[in-house]
Every structure is written in C-alpha cells, then in structure tokens.
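Trainee: I'd like to ask some things about the structure below.
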Amino acid sequence: MNEPTDFRYRLAKVWRYAGLYGWSRTINKVIGRMRWMRLPRFGQKKDAADTSFIGCGQFAFTSLAFFLRKRQGAIFLDAYDTDPQQAETLAKFYRFRSVAPTLATLLANPSLKRVYIASNHASHTPYAVALLARGVDVYLEKPIAVTRAQLAELRAAQRQSSARLYAGYNRPYASGIQLLRPYVTGGPTTGAFSLSCVVNGHRIPFDHWYRRPEEGSRICGNLGHWIDLMMHVLAWRGLPDWFDIGIVRANPAEPDDNLTITFTTDRHDLISLMLTARSEPFEGVSEQINLQYNDLIAHIDDFRRMTLWQGKHRERWRFSPKDVGHERATLQPFRADNRDWWEVELSTLLTLHISEQVNSGSLTSRFKIAEELARLEADTVTIVRTLPTHEHPDRRRYPAELYESSPVASGIDESLPDYPEASAYGAAL
C-alpha cells in the first residue's frame with residue numbers, strides 16, 4: 001500500500017499485473033485508482049438494475065463491480081459511501097442509476113434486491129443487520145464481524161430475516177482449492193492435516209485504519225482469510241474438538257504484523273499461518289500453501305500454479321489469470337452451489353478469539369469448538385428473543401453433537417427447529 005510514485009515503477013507494475021490478471025482487469029485497476037472515465041452504454045437495460053453498493057473504494061471498483069459487470073451485466077442501482085466522491089466516481093464509471101446521498105435513500109429504493117457491502121470493517125455488521133431486517137440479500141465483505149457481540153447480532157438478524165447472506169471470503173472458491181478438494185474427500189477421512197500458509201502481505205503503516213483495534217486489526221482484516229481457508233479445508237475431513245493456538249511475533253509493539261500463528265488439534269493436525277509484511281510486494285499479496293494429508297501432498301504457488309502428488313501420481317495445473325477466487329466468490333448471490341455458511345461463522349469465531357489473544361498479549365490459548373459455539377448460541381438466542389419471530393428459510397444450525405461437551409450447552413434454545421439439512425453438516429463435521 002506504500003509505493004513509489006516514479007512513472008517507470010508504475011509502468012513496470014502495470015506490465016507485470018497484465019501478465020498476472022490480463023489486460024482488461026489491469027486497466028480496470030488503473031482506472032480504479034484514477035477514477036476518470038465511464039463504461040459505454042451498450043447492453044444496458046434500464047429495468048435490470050437491482051443491486052446496490054455500500055462502500056465504493058478500490059476493492060468495490062476493481063473486484064466486486066468488475067466481476068458483476070462482466071458476468072451479470074448492468075445490474076447496478078445505487079452507490080453509497082461516506083465519501084461522496086468515491087460513490088460518484090464508481091457510479092459514473094459503472095453507470096449506476098444514482099448516487100444515494102444517505103443510507104435511508106438506498107434502502108427506500110423499491111427496485112433493491114441485494115447489496116454488496118465493502119465499507120470499513122467495523123461498519124460491516126451494522127449495515128448488514130439493517131439490510132437483513134428489510135429483507136434485502138446481503139453480500140458482506142470480510143470480516144463479517146469484528147467483535148463477538150457483532151457476530152451474535154448478525155446471526156440473530158439472519159434468523160429473523162427472509163433474505164440471504166453471503167460472505168466475501170474468496171479463497172475457498174479459488175480454482176486450486178476447488179480442484180484439491182476431491183483428492184481429500186475421495187480418500188480415507190481419518191488422517192491428520194499438515195498445512196502451512198506463508199503470506200507476503202501489503203506493508204501497512206502503523207496508523208492505518210486496518211490496524212485499529214475497533215476495526216479488528218490485521219487479524220480480522222488480513223489473516224482472517226487464511227484462518228477461514230484452514231477451517232474450510234479441515235471441514236472436508238471433519239473438524240477437531242479443539243485447537244491449541246500459539247503466537248510468535250517479531251515485534252511486540254506491532255503484535256498484528258510479522259507473526260506466525262500455529263495450531264495443533266486433538267486430531268493431530270499441525271497448521272502454521274505466517275504473515276510477513278516487511279516491504280511492499282511488487283506484484284501484490286503473494287502466498288505459498290503446502291498441504292499433506294495421508295498420501296496426498298499439494299503445493300499451491302500464489303494461486304498461479306498447483307502441483308499435487310499422490311503416491312507415484314503427479315498432476316500440475318497453471319492458473320492464468322491468477323485465481324484467488326474473487327470472481328466466483330463475488331457471484332455467490334447468483335449461484336446455488338456455495339459453501340456452507342456455518343464454516344464462515346465458525347472461522348469468524350476463531351478469528352475473533354485470536355484477535356482477542358493478540359490484543360491481550362497472550363501467546364497461547366485453547367479454542368474449544370463446543371464451548372465457543374454454545375456461548376455464541378446463547379448470545380444469539382438472547383437477541384432473537386427481543387425481536388419479532390420470522391423464521392429464516394436458510395438458517396443453518398450446527399449439529400447437536402458439537403455442543404455435547406460444553407458446560408454451557410443449556411444456553412441453546414432447543415425450541416428453535418433444526419435446519420433441515422443438519423444431518424449433512426453432521427457428516428461433514
């Protein structure tokens with residue numbers, strides 16, 4: 001995020017990005033920084049707009065709006081941002097129907113069906129709760145909550161709403177991860193995982209808003225991506241009962257940066273997530289992922305290449321353009337075969353636990369899934385009881401066995417009917 005302004009540097013970066021992402025998206029990224037033109041009107045139907053944006057920054061411009069326009073066409077309704085210039089330039093380029101001067105104006109539009117939220121992290125949950133209460137589908141960029149209270153509020157709002165909720169954690173939708181999954185699920189489900197992720201992240205100033213505790217720090221803002229990916233991969237086999245978590249940090253004065261988080265489990269998994277950000281990576285965030293499970297070994301090189309070994313068998317894939325899953329994740333509201341929502345809730349709960357651990361200065365902790373879920377459920381039920389009853393058609397309950405070892409399991413409201421597909425989740429867990 002801190003880059004030289006030299007013209008030759010920028011030109012070299014554009015050239016390199018074109019090799020990674022293709023020219024159309026690279027040019028779009030450049031325009032997103034400059035905000036100086038608009039798309040042509042061809043193919044645009046005035047009666048098709050039903051999708052609005054809250055938060056109109058660079059990610060909304062170069063990822064969310066880019067892929068929606070590419071795959072769904074001219075569906076853009078209203079743009080809203082606390083910075084009017086951001087909203088105006090996004091709306092001008094993608095030809096939104098209008099710029100909403102207030103959130104109330106956006107909510108009052110009778111054509112509104114769904115909203116993409118890409119605002120500052122602490123505001124994600126309040127916006128989503130307001131939209132769900134009005135029956136509007138929500139695509140919520142990560143993190144979906146920055147405190148446990150927010151997560152409980154979001155769950156309560158989801159249960160009381162007829163609308164759908166999606167999360168912007170994209171790596172489970174990357175081609176490499178989707179290709180890897182059947183190699184794990186197609187074999188014995190009794191093994192232990194060894195998983196390492198080394199992430200070269202953006203160098204962020206100490207006073208950047210990402211680093212503020214009230215915004216969830218870099219733990220929620222950045223490392224949450226790989227905590228979520230870890231949870232997604234473990235769910236292929238079935239989750240452990242607990243995680244023992246260790247934190248090694250390079251500088252106690254910057255506890256959320258240049259650190260390694262390790263996980264061991266009762267199922268003998270060994271997982272390491274390392275975030276290093278000592279300089280700005282020229283090609284953007286890069287990552288190396290190594291996985292071993294039974295006789296399967298896989299290496300993902302920055303989601304550009306993947307090599308897989310299983311015994312004497314070897315396969316290689318190349319992903320061009322680089323695919324970290326942004327396109328497929330963005331299209332969740334228009335697809336049926338999406339990931340299970342409970343994975344997102346649980347990975348968020350674990351991320352919040354780690355964020356609290358980092359903020360407290362503690363270097364070790366144990367996260368017991370049953371106890372943590374029971375606490376969250378009790379908090380959610382308390383909120384639900386204060387709201388009008390409106391059963392959510394897609395309310396996903398965790399399997400009851402996850403609560404069996406919890407001393408606070410009595411906090412679960414058993415009067416709420418189980419989600420119809422709970423048995424399927426039980427098998428996954």
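Residue names in the structure tokens use chain letters A, B, ... in the order shown, residue numbers from 1 in each chain, and ligand numbers from 1 in the order shown.
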What's around Arg318 (chain A) at 10 Å? Count only C-alpha atoms, leave out sequence neighbours fewer than 5 positions away in its own chain, and write the answer as a PyMOL selection string.

Mentor: chain A and resi 175-176+300-301+303-307+323

Trainee: Find the distance between CA of Tyr127 (chain A) and CA of Arg69 (chain A) and write it in Å to one decimal.

Mentor: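 A separation of 23.2 Å between them.
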
Trainee: In Å, how far is it from CA of Leu291 (chain A) to CA of Phe193 (chain A)?

Mentor: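 So the answer is 7.1 Å.
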
Trainee: Tell me, which residues of region 90-214 of chain A carry DSSP helix (DSSP H, G or I), written as a ChimeraX atom specification?

Mentor: /A:90-94,103-108,121-133,148-159,171-173,175-185,209-211,213-214

Trainee: Counting only C-alpha atoms, which residues of region 36-144 of chain A sit at most 12 Å from some atom of region 223-226 of chain A, and what is each one's closest atom pair with its distance in Å to one decimal, listed by chain and rising residue number, as CSV?

Mentor:
residue,atom,partner,partner_atom,distance
A:Glu141,CA,A:His225,CA,11.0
A:Lys142,CA,A:Gly224,CA,8.0
A:Pro143,CA,A:Gly224,CA,7.3
A:Ile144,CA,A:Gly224,CA,10.2

Trainee: Write out as a list in words the residues lying within 12 Å of Arg237 (chain A), counting only C-alpha atoms and excluding same-chain residues fewer than 5 positions away.

Mentor: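 Answer for this query is Arg181, Pro182, Tyr183, Val184, Thr185, Gly186, Gly187, Pro188, Thr189, Thr190, Gly191, Ala192, Phe193, Met230, Met231, His232, Arg267, Asp269, Tyr293, Asn294, Tyr425, Gly426, Ala427, Ala428 and Leu429 of chain A.
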
Trainee: Would you list the contacts of Gln85 (chain A) as a ChimeraX atom specification, taking every protein, DNA or RNA residue within 10 Å and counting only C-alpha atoms, but skipping same-chain residues closer than 6 positions in sequence?

Mentor: /A:35,56-57,91,99

Trainee: Calculated over only C-alpha atoms, which of the candidates A:Asp207, A:Glu153, A:Glu371, A:Asp228 has the smallest distance to Ile383 (chain A)?

Mentor: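 Once distances to Ile383 (chain A) are computed over only C-alpha atoms, the minimum belongs to A:Glu153.
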
Trainee: I'd like to know which of A:Val129, A:Leu270, A:Ile261, A:Val198 is closest to Ala152 (chain A), using only C-alpha atoms.

Mentor: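 Of the candidates, the smallest distance to Ala152 (chain A) is held by A:Val129.
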
Trainee: Calculated over only C-alpha atoms, which of the candidates A:Cys197, A:Arg164, A:Glu280, A:Pro84 has the smallest distance to Thr260 (chain A)?

Mentor: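 Checking each candidate against Thr260 (chain A), we get A:Cys197 as the closest.
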
Trainee: Measuring atom to atom with only C-alpha atoms, identify which of A:Gln160, A:Asn258, A:Thr351, A:Ser52 is nearest to Val115 (chain A).

Mentor: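 Looking at the shortest contact to Val115 (chain A), the residue is A:Ser52.
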
Trainee: Write out as a list in words which residues come within 12 Å of Ala133 (chain A) when counting only C-alpha atoms, dropping same-chain ones fewer than 2 positions away.

Mentor: Leu107, Pro126, Tyr127, Ala128, Val129, Ala130, Leu131, Gly135, Val136, Asp137, Val138, Glu153, Leu154, Arg155, Ala156, Ala157, Gln158, Arg159, Gln160, Ser161, Ser162, Ala163, Arg164, Leu165, Leu387, Pro388, Thr389, His390 and His392 of chain A

Trainee: Pick from A:Ile289, A:Gly246, A:Val324, A:Pro333: nearest to Leu308 (chain A), with only C-alpha atoms counted?

Mentor: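 Once distances to Leu308 (chain A) are computed over only C-alpha atoms, the minimum belongs to A:Ile289.
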
Trainee: Run DSSP on the backbone of this structure and report the residues of region 136-341 of chain A it assigns to strand (DSSP E or B), as a ChimeraX atom specification.

Mentor: /A:137-140,165-167,193-200,242-249,259-265,270-276,286-293,296-301,305-310,313-318

Trainee: Using only C-alpha atoms, determine which residues lie at most 12 Å from Ala87 (chain A), disregarding the query and same-chain residues fewer than 3 positions distant; provide the list as a PyMOL selection string.

Mentor: chain A and resi 32+35+52-58+60-61+77-84+90-102+118-119

Trainee: What gap, in Å, lies between CA of Leu363 (chain A) and CA of Ile247 (chain A)?

Mentor: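 Taking CA of Leu363 (chain A) and CA of Ile247 (chain A), their separation equals 4.9 Å.
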